[in-house]
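Undergrad: If it helps, the file is called data.txt and holds compact mmCIF, C-alpha atoms:
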# COMPACT_ATOMS: atom_id res chain seq x y z
CA MET A 384 -126.52 -46.37 30.12
CA LYS A 385 -128.86 -47.55 27.32
CA ARG A 386 -131.93 -46.92 29.50
CA ARG A 387 -130.70 -43.42 30.28
CA LEU A 388 -130.12 -42.66 26.58
CA ALA A 389 -133.56 -44.03 25.70
CA LEU A 390 -135.19 -41.84 28.36
CA LEU A 391 -133.23 -38.81 27.16
CA SER A 392 -134.35 -39.45 23.57
CA LEU A 393 -137.99 -39.78 24.63
CA LEU A 394 -137.98 -36.60 26.68
CA THR A 395 -136.21 -34.69 23.93
CA ALA A 396 -138.60 -35.94 21.25
CA LEU A 397 -141.58 -34.65 23.23
CA CYS A 398 -140.08 -31.15 23.15
CA LEU A 399 -138.89 -31.09 19.53
CA PRO A 400 -140.66 -28.76 17.09
CA ALA A 401 -142.40 -29.87 13.92
CA VAL A 402 -140.17 -29.69 10.86
CA HIS A 403 -141.28 -27.72 7.82
CA ALA A 404 -139.75 -28.58 4.44
CA ALA A 405 -138.46 -25.05 3.92
CA ASP A 406 -136.59 -25.18 7.22
CA ALA A 407 -135.02 -28.59 6.66
CA GLU A 408 -132.56 -27.53 3.95
CA LEU A 409 -129.63 -25.14 3.70
CA ASP A 410 -128.95 -23.05 0.62
CA ALA A 411 -125.54 -23.06 -1.05
CA THR A 412 -124.14 -20.20 1.05
CA GLN A 413 -125.37 -21.67 4.31
CA ALA A 414 -124.08 -25.11 3.35
CA HIS A 415 -120.61 -23.74 2.58
CA ALA A 416 -120.42 -22.09 6.01
CA PHE A 417 -121.84 -25.17 7.74
CA ARG A 418 -119.27 -27.47 6.14
CA ALA A 419 -116.45 -25.16 7.24
CA TRP A 420 -117.69 -25.11 10.85
CA PHE A 421 -118.41 -28.84 10.91
CA VAL A 422 -114.90 -29.68 9.71
CA ARG A 423 -113.39 -27.12 12.09
CA LEU A 424 -115.17 -28.67 15.06
CA VAL A 425 -114.10 -32.20 14.15
CA SER A 426 -110.54 -30.96 13.66
CA GLU A 427 -110.57 -29.21 17.06
CA GLN A 428 -111.46 -32.50 18.76
CA LEU A 429 -108.32 -33.93 17.19
CA ARG A 430 -106.15 -30.92 18.01
CA GLN A 431 -107.29 -30.24 21.56
CA GLY A 432 -108.79 -33.58 22.52
CA PRO A 433 -112.54 -34.08 22.98
CA THR A 434 -114.26 -31.23 24.78
CA PRO A 435 -116.19 -32.16 27.95
CA ARG A 436 -119.26 -30.76 26.19
CA TRP A 437 -119.16 -33.74 23.84
CA GLN A 438 -120.58 -36.45 26.08
CA GLN A 439 -121.42 -39.49 23.93
CA ARG A 440 -117.97 -40.52 22.72
CA ASP A 441 -118.27 -42.68 19.63
CA CYS A 442 -118.25 -42.20 15.85
CA ALA A 443 -121.91 -41.16 15.59
CA GLY A 444 -121.56 -39.01 18.69
CA LEU A 445 -118.76 -37.07 17.00
CA VAL A 446 -121.03 -36.33 14.03
CA ARG A 447 -124.03 -35.37 16.18
CA PHE A 448 -121.90 -33.09 18.35
CA ALA A 449 -120.15 -31.36 15.45
CA VAL A 450 -123.44 -30.85 13.57
CA ALA A 451 -125.18 -29.34 16.58
CA GLU A 452 -122.29 -27.02 17.36
CA ALA A 453 -121.85 -25.98 13.73
CA LEU A 454 -125.52 -24.97 13.56
CA ARG A 455 -125.44 -22.71 16.61
CA GLU A 456 -124.25 -19.14 17.00
CA HIS A 457 -120.52 -18.86 17.69
CA ASP A 458 -120.26 -15.88 20.01
CA ALA A 459 -117.33 -14.95 22.26
CA ARG A 460 -118.58 -17.09 25.13
CA TRP A 461 -118.91 -20.14 22.88
CA ARG A 462 -115.45 -19.60 21.40
CA LYS A 463 -113.94 -19.39 24.87
CA GLN A 464 -115.72 -22.57 25.99
CA ASN A 465 -114.37 -24.39 22.94
CA GLY A 466 -110.87 -22.94 22.91
CA ILE A 467 -111.30 -21.36 19.48
CA GLY A 468 -109.69 -18.01 18.73
CA LEU A 469 -110.68 -15.35 16.23
CA ALA A 470 -108.05 -16.30 13.65
CA ASN A 471 -109.31 -18.02 10.49
CA LEU A 472 -112.89 -18.38 11.67
CA PRO A 473 -115.37 -19.62 9.05
CA PRO A 474 -118.27 -17.33 8.16
CA GLU A 475 -121.31 -17.73 10.37
CA VAL A 476 -124.06 -20.08 9.25
CA GLU A 477 -126.81 -17.50 8.93
CA LEU A 478 -129.89 -19.52 9.85
CA SER A 479 -133.48 -18.50 10.42
CA SER A 480 -134.93 -19.37 13.82
CA GLY A 481 -137.04 -22.01 12.08
CA GLN A 482 -134.00 -23.63 10.49
CA ARG A 483 -132.07 -23.68 13.75
CA GLN A 484 -134.98 -25.30 15.59
CA ALA A 485 -135.62 -27.77 12.78
CA LEU A 486 -132.03 -28.96 12.39
CA ARG A 487 -130.29 -28.86 15.78
CA HIS A 488 -130.75 -32.01 17.92
CA ASN A 489 -133.58 -33.13 15.64
CA TRP A 490 -132.58 -36.40 13.98
CA VAL A 491 -134.98 -38.93 12.44
CA GLY A 492 -134.75 -42.31 14.12
CA SER A 493 -135.45 -45.79 12.76
CA ASP A 494 -138.95 -45.53 14.25
CA ALA A 495 -139.53 -42.30 12.23
CA LYS A 496 -139.63 -40.28 15.46
CA ARG A 497 -137.34 -37.32 16.02
CA SER A 498 -134.72 -37.25 18.74
CA ALA A 499 -131.42 -35.68 19.77
CA TYR A 500 -129.89 -39.17 19.67
CA VAL A 501 -129.53 -41.58 16.74
CA PRO A 502 -126.95 -44.33 16.22
CA ALA A 503 -124.69 -44.50 13.18
CA PHE A 504 -127.05 -46.68 11.14
CA ALA A 505 -130.06 -44.38 11.59
CA LEU A 506 -127.93 -41.30 11.02
CA ILE A 507 -127.05 -42.67 7.59
CA GLN A 508 -130.31 -44.42 6.68
CA HIS A 509 -132.74 -41.67 7.70
CA ASN A 510 -130.69 -38.46 7.83
CA SER A 511 -128.26 -38.67 4.92
CA GLN A 512 -128.19 -39.32 1.20
CA LEU A 513 -125.83 -41.55 -0.75
CA VAL A 514 -123.38 -39.63 -2.92
CA SER A 515 -121.09 -42.30 -4.35
CA ARG A 516 -118.80 -45.18 -3.52
CA ASP A 517 -115.96 -43.20 -5.09
CA ILE A 518 -113.96 -41.34 -2.43
CA ASN A 519 -113.04 -38.72 -5.04
CA GLN A 520 -116.66 -37.51 -5.01
CA ALA A 521 -116.54 -36.60 -1.32
CA GLN A 522 -116.78 -32.98 -0.19
CA PRO A 523 -115.53 -31.70 3.18
CA GLY A 524 -118.05 -32.69 5.83
CA ASP A 525 -119.29 -35.79 3.98
CA LEU A 526 -119.46 -39.09 5.84
CA LEU A 527 -117.87 -42.45 5.08
CA PHE A 528 -120.06 -45.33 6.22
CA PHE A 529 -118.80 -48.85 6.87
CA ASP A 530 -121.16 -51.74 7.60
CA GLN A 531 -119.46 -54.68 9.30
CA GLY A 532 -122.67 -56.62 9.91
CA ASP A 533 -123.22 -56.31 13.65
CA ASP A 534 -121.22 -53.10 13.78
CA GLN A 535 -121.50 -49.87 11.78
CA HIS A 536 -118.94 -47.09 11.70
CA LEU A 537 -118.79 -43.49 10.52
CA MET A 538 -115.81 -41.41 9.45
CA VAL A 539 -115.65 -37.75 8.35
CA TRP A 540 -113.86 -36.44 5.27
CA THR A 541 -112.33 -33.09 6.19
CA GLY A 542 -110.88 -32.28 2.77
CA ARG A 543 -107.35 -33.14 3.89
CA TYR A 544 -107.75 -36.31 5.92
CA ILE A 545 -110.34 -38.73 7.28
CA ALA A 546 -111.25 -38.26 10.95
CA TYR A 547 -113.15 -40.58 13.25
CA HIS A 548 -113.65 -41.77 16.81
CA THR A 549 -112.91 -45.40 17.61
CA GLY A 550 -115.75 -45.69 20.11
CA THR A 551 -113.30 -46.61 22.88
CA VAL A 552 -111.80 -44.25 25.46
CA THR A 553 -109.02 -45.08 27.92
CA PRO A 554 -106.97 -42.90 30.27
CA LYS A 555 -104.21 -42.81 27.64
CA ASP A 556 -106.31 -42.77 24.46
CA ASN A 557 -109.16 -40.36 23.73
CA GLY A 558 -110.29 -42.43 20.73
CA MET A 559 -109.77 -39.74 18.07
CA ARG A 560 -107.97 -40.68 14.87
CA ALA A 561 -106.96 -38.99 11.61
CA VAL A 562 -105.68 -40.84 8.54
CA ARG A 563 -104.88 -39.88 4.97
CA VAL A 564 -106.92 -41.39 2.16
CA ASP A 565 -103.91 -43.28 0.80
CA GLN A 566 -103.27 -44.74 4.25
CA LEU A 567 -106.82 -46.03 4.57
CA MET A 568 -106.80 -47.35 1.00
CA ASN A 569 -103.86 -49.55 2.03
CA TRP A 570 -105.14 -50.43 5.51
CA GLN A 571 -104.01 -53.88 6.63
CA ASP A 572 -107.58 -54.82 7.54
CA SER A 573 -109.18 -54.48 4.10
CA ARG A 574 -112.68 -54.14 5.59
CA TRP A 575 -111.87 -50.49 6.32
CA ARG A 576 -110.69 -49.48 2.87
CA PRO A 577 -113.00 -46.85 1.26
CA SER A 578 -112.95 -48.62 -2.06
CA SER A 579 -115.82 -49.65 -4.34
CA ASP A 580 -114.57 -53.25 -4.34
CA ASN A 581 -114.87 -53.46 -0.54
CA PRO A 582 -118.33 -54.89 0.30
CA ASN A 583 -118.08 -53.43 3.80
CA PHE A 584 -117.78 -49.87 2.48
CA ALA A 585 -121.34 -48.61 1.97
CA GLY A 586 -120.20 -45.35 0.44
CA ILE A 587 -119.94 -41.59 0.83
CA TYR A 588 -123.01 -40.00 2.40
CA ARG A 589 -124.09 -36.37 2.67
CA LEU A 590 -126.26 -34.97 5.45
CA ALA A 591 -129.80 -34.64 4.12
CA PHE A 592 -130.12 -30.91 4.85
CA LEU A 593 -127.17 -30.11 2.56
CA PRO A 594 -127.66 -29.48 -1.16
CA ALA A 595 -127.02 -32.52 -3.34
Please go through the file and, once you have read it, give me the structure as structure tokens.
TA:
Amino acid sequence: MKRRLALLSLLTALCLPAVHAADAELDATQAHAFRAWFVRLVSEQLRQGPTPRWQQRDCAGLVRFAVAEALREHDARWRKQNGIGLANLPPEVELSSGQRQALRHNWVGSDAKRSAYVPAFALIQHNSQLVSRDINQAQPGDLLFFDQGDDQHLMVWTGRYIAYHTGTVTPKDNGMRAVRVDQLMNWQDSRWRPSSDNPNFAGIYRLAFLPA
């Protein structure tokens, strides 16, 4: 599996366009629409169960999938494929062709090369910016990052609850979870509490292409 992912990353990197600074950021209006779509897509994976189009089922895979789908055009065919109706749709993320090419499937890896695949650590270290270690500073679509030494984990703040994928899938468990902030603050395993006094909680991070 790892060899296949490495080959996929290499082949994708060879085809990725160069990134221009002007294309690598969203303005305030675009960012607002992106956040709404990103949260909607994460929420749909909870409501419907993971779509077959999301193939790499782990916490970082959830973020990569939701980012890529939020940045694309959401036409009738896409909505049908994803089981999303017309009611309460967010506004479209009006992107230039340069922005769409620069941001979709174009993550910076630990080796500074660009690829469609990055693990949780590289997604945070090279593709996000630290906001705070105070959960109250999080905006919808921001990421919670936990560093457990040999294992790193991402969660998504949706504005109402924290969503994440456990990284494990069984016939009876699709791995998706949603918890309230107060629940996580009182989690029995204190390593997962998003609190500034928890050394395993690295903080709230914001995707680098969003305005600070």
Undergrad: By how many Å are CA of Thr553 in chain A and CA of Gln438 in chain A apart?
TA: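 Computed distance, CA of Thr553 in chain A to CA of Gln438 in chain A, equals 14.5 Å.
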Undergrad: Provide the CA of Asn581 in chain A to CA of Asp525 in chain A distance in Å, to one decimal place.
TA: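 Interatomic distance here is 18.8 Å.
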Undergrad: Please provide as a list of chain:residue names all residues within 10 Å of Glu456 in chain A, with the sequence filter that same-chain residues fewer than 4 positions apart are discarded (counting all atoms listed in the file).
TA: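 Answer for this query is A:Glu452, A:Trp461, A:Arg462, A:Glu475, A:Val476, A:Glu477, A:Leu478, A:Arg483.
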Undergrad: Given the choices A:Trp575, A:Trp490, A:Tyr588, A:Trp570, which gets closest to Ala521 in chain A if the distance is worked out from all atoms listed in the file?
TA: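 Closest candidate: A:Tyr588.
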Undergrad: Could you tell me how far CA of Gln531 in chain A lies from CA of Gly558 in chain A, in Å and to one decimal?
TA: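 Here the two named atoms are 19.1 Å from each other.
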Undergrad: Please list as a PyMOL selection string every residue within 10 Å of Ala443 in chain A, counting all atoms listed in the file and excluding residues in the same chain fewer than 5 positions away.
TA: chain A and resi 448-449+500-507+535-538+547-548+550
Undergrad: Measuring between only C-alpha atoms, which one of A:Pro594, A:Arg460, A:Val422, A:Asn510 shows the shortest distance to Glu408 in chain A?
TA: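 Selected residue with least distance to Glu408 in chain A: A:Pro594.
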Undergrad: Within 7 Å of (-109.8, -38.5, 5.4), in the coordinates the file gives, what residues turn up when you count all atoms listed in the file, written out as a list in words?
TA: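 Within 7 Å of (-109.8, -38.5, 5.4), the protein and nucleic acid residues are Val539, Trp540, Thr541, Gly542, Arg543, Tyr544, Ile545, Ala546, Ala561, Val562, Arg563 and Val564 of chain A.
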Undergrad: Given the selection you just returned, output its residues as a file containing C-alpha atoms, formatted as a tab-separated table (two decimals), in the coordinates of the input.
TA:
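This went into again-v6.tsv:
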chain	number	residue	atom	x	y	z
A	539	VAL	CA	-115.65	-37.75	8.35
A	540	TRP	CA	-113.86	-36.44	5.27
A	541	THR	CA	-112.33	-33.09	6.19
A	542	GLY	CA	-110.88	-32.28	2.77
A	543	ARG	CA	-107.35	-33.14	3.89
A	544	TYR	CA	-107.75	-36.31	5.92
A	545	ILE	CA	-110.34	-38.73	7.28
A	546	ALA	CA	-111.25	-38.26	10.95
A	561	ALA	CA	-106.96	-38.99	11.61
A	562	VAL	CA	-105.68	-40.84	8.54
A	563	ARG	CA	-104.88	-39.88	4.97
A	564	VAL	CA	-106.92	-41.39	2.16
Undergrad: From the list A:Asn583, A:Asn471, A:Asn557, A:Ser498, which residue is nearest Gly432 in chain A when using all atoms listed in the file?
TA: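 Checking each candidate against Gly432 in chain A, we get A:Asn557 as the closest.
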Undergrad: Choose the residue, out of A:Arg516, A:Lys496, A:Arg430, A:Arg418, that has the smallest atom-to-atom separation from Val446 in chain A; count only C-alpha atoms.
TA: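 Looking at the shortest contact to Val446 in chain A, the residue is A:Arg418.
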Undergrad: From the list A:Pro474, A:Gly468, A:Pro577, A:Gly532, which residue is nearest Asp517 in chain A when using only C-alpha atoms?
TA: A:Pro577
Undergrad: A:Ile587, A:Ala416, A:Ala453, A:Val552: which is nearest Gln522 in chain A, counting only C-alpha atoms?
TA: A:Ile587
Undergrad: Using only C-alpha atoms, which residues sit within 8 Å of Leu429 in chain A once same-chain residues fewer than 2 positions away are excluded, as a list in words?
TA: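 With the cut-off at 8 Å, the set is Val425, Ser426, Glu427, Gln431, Gly432, Pro433, Met559, Arg560 and Ala561 of chain A.
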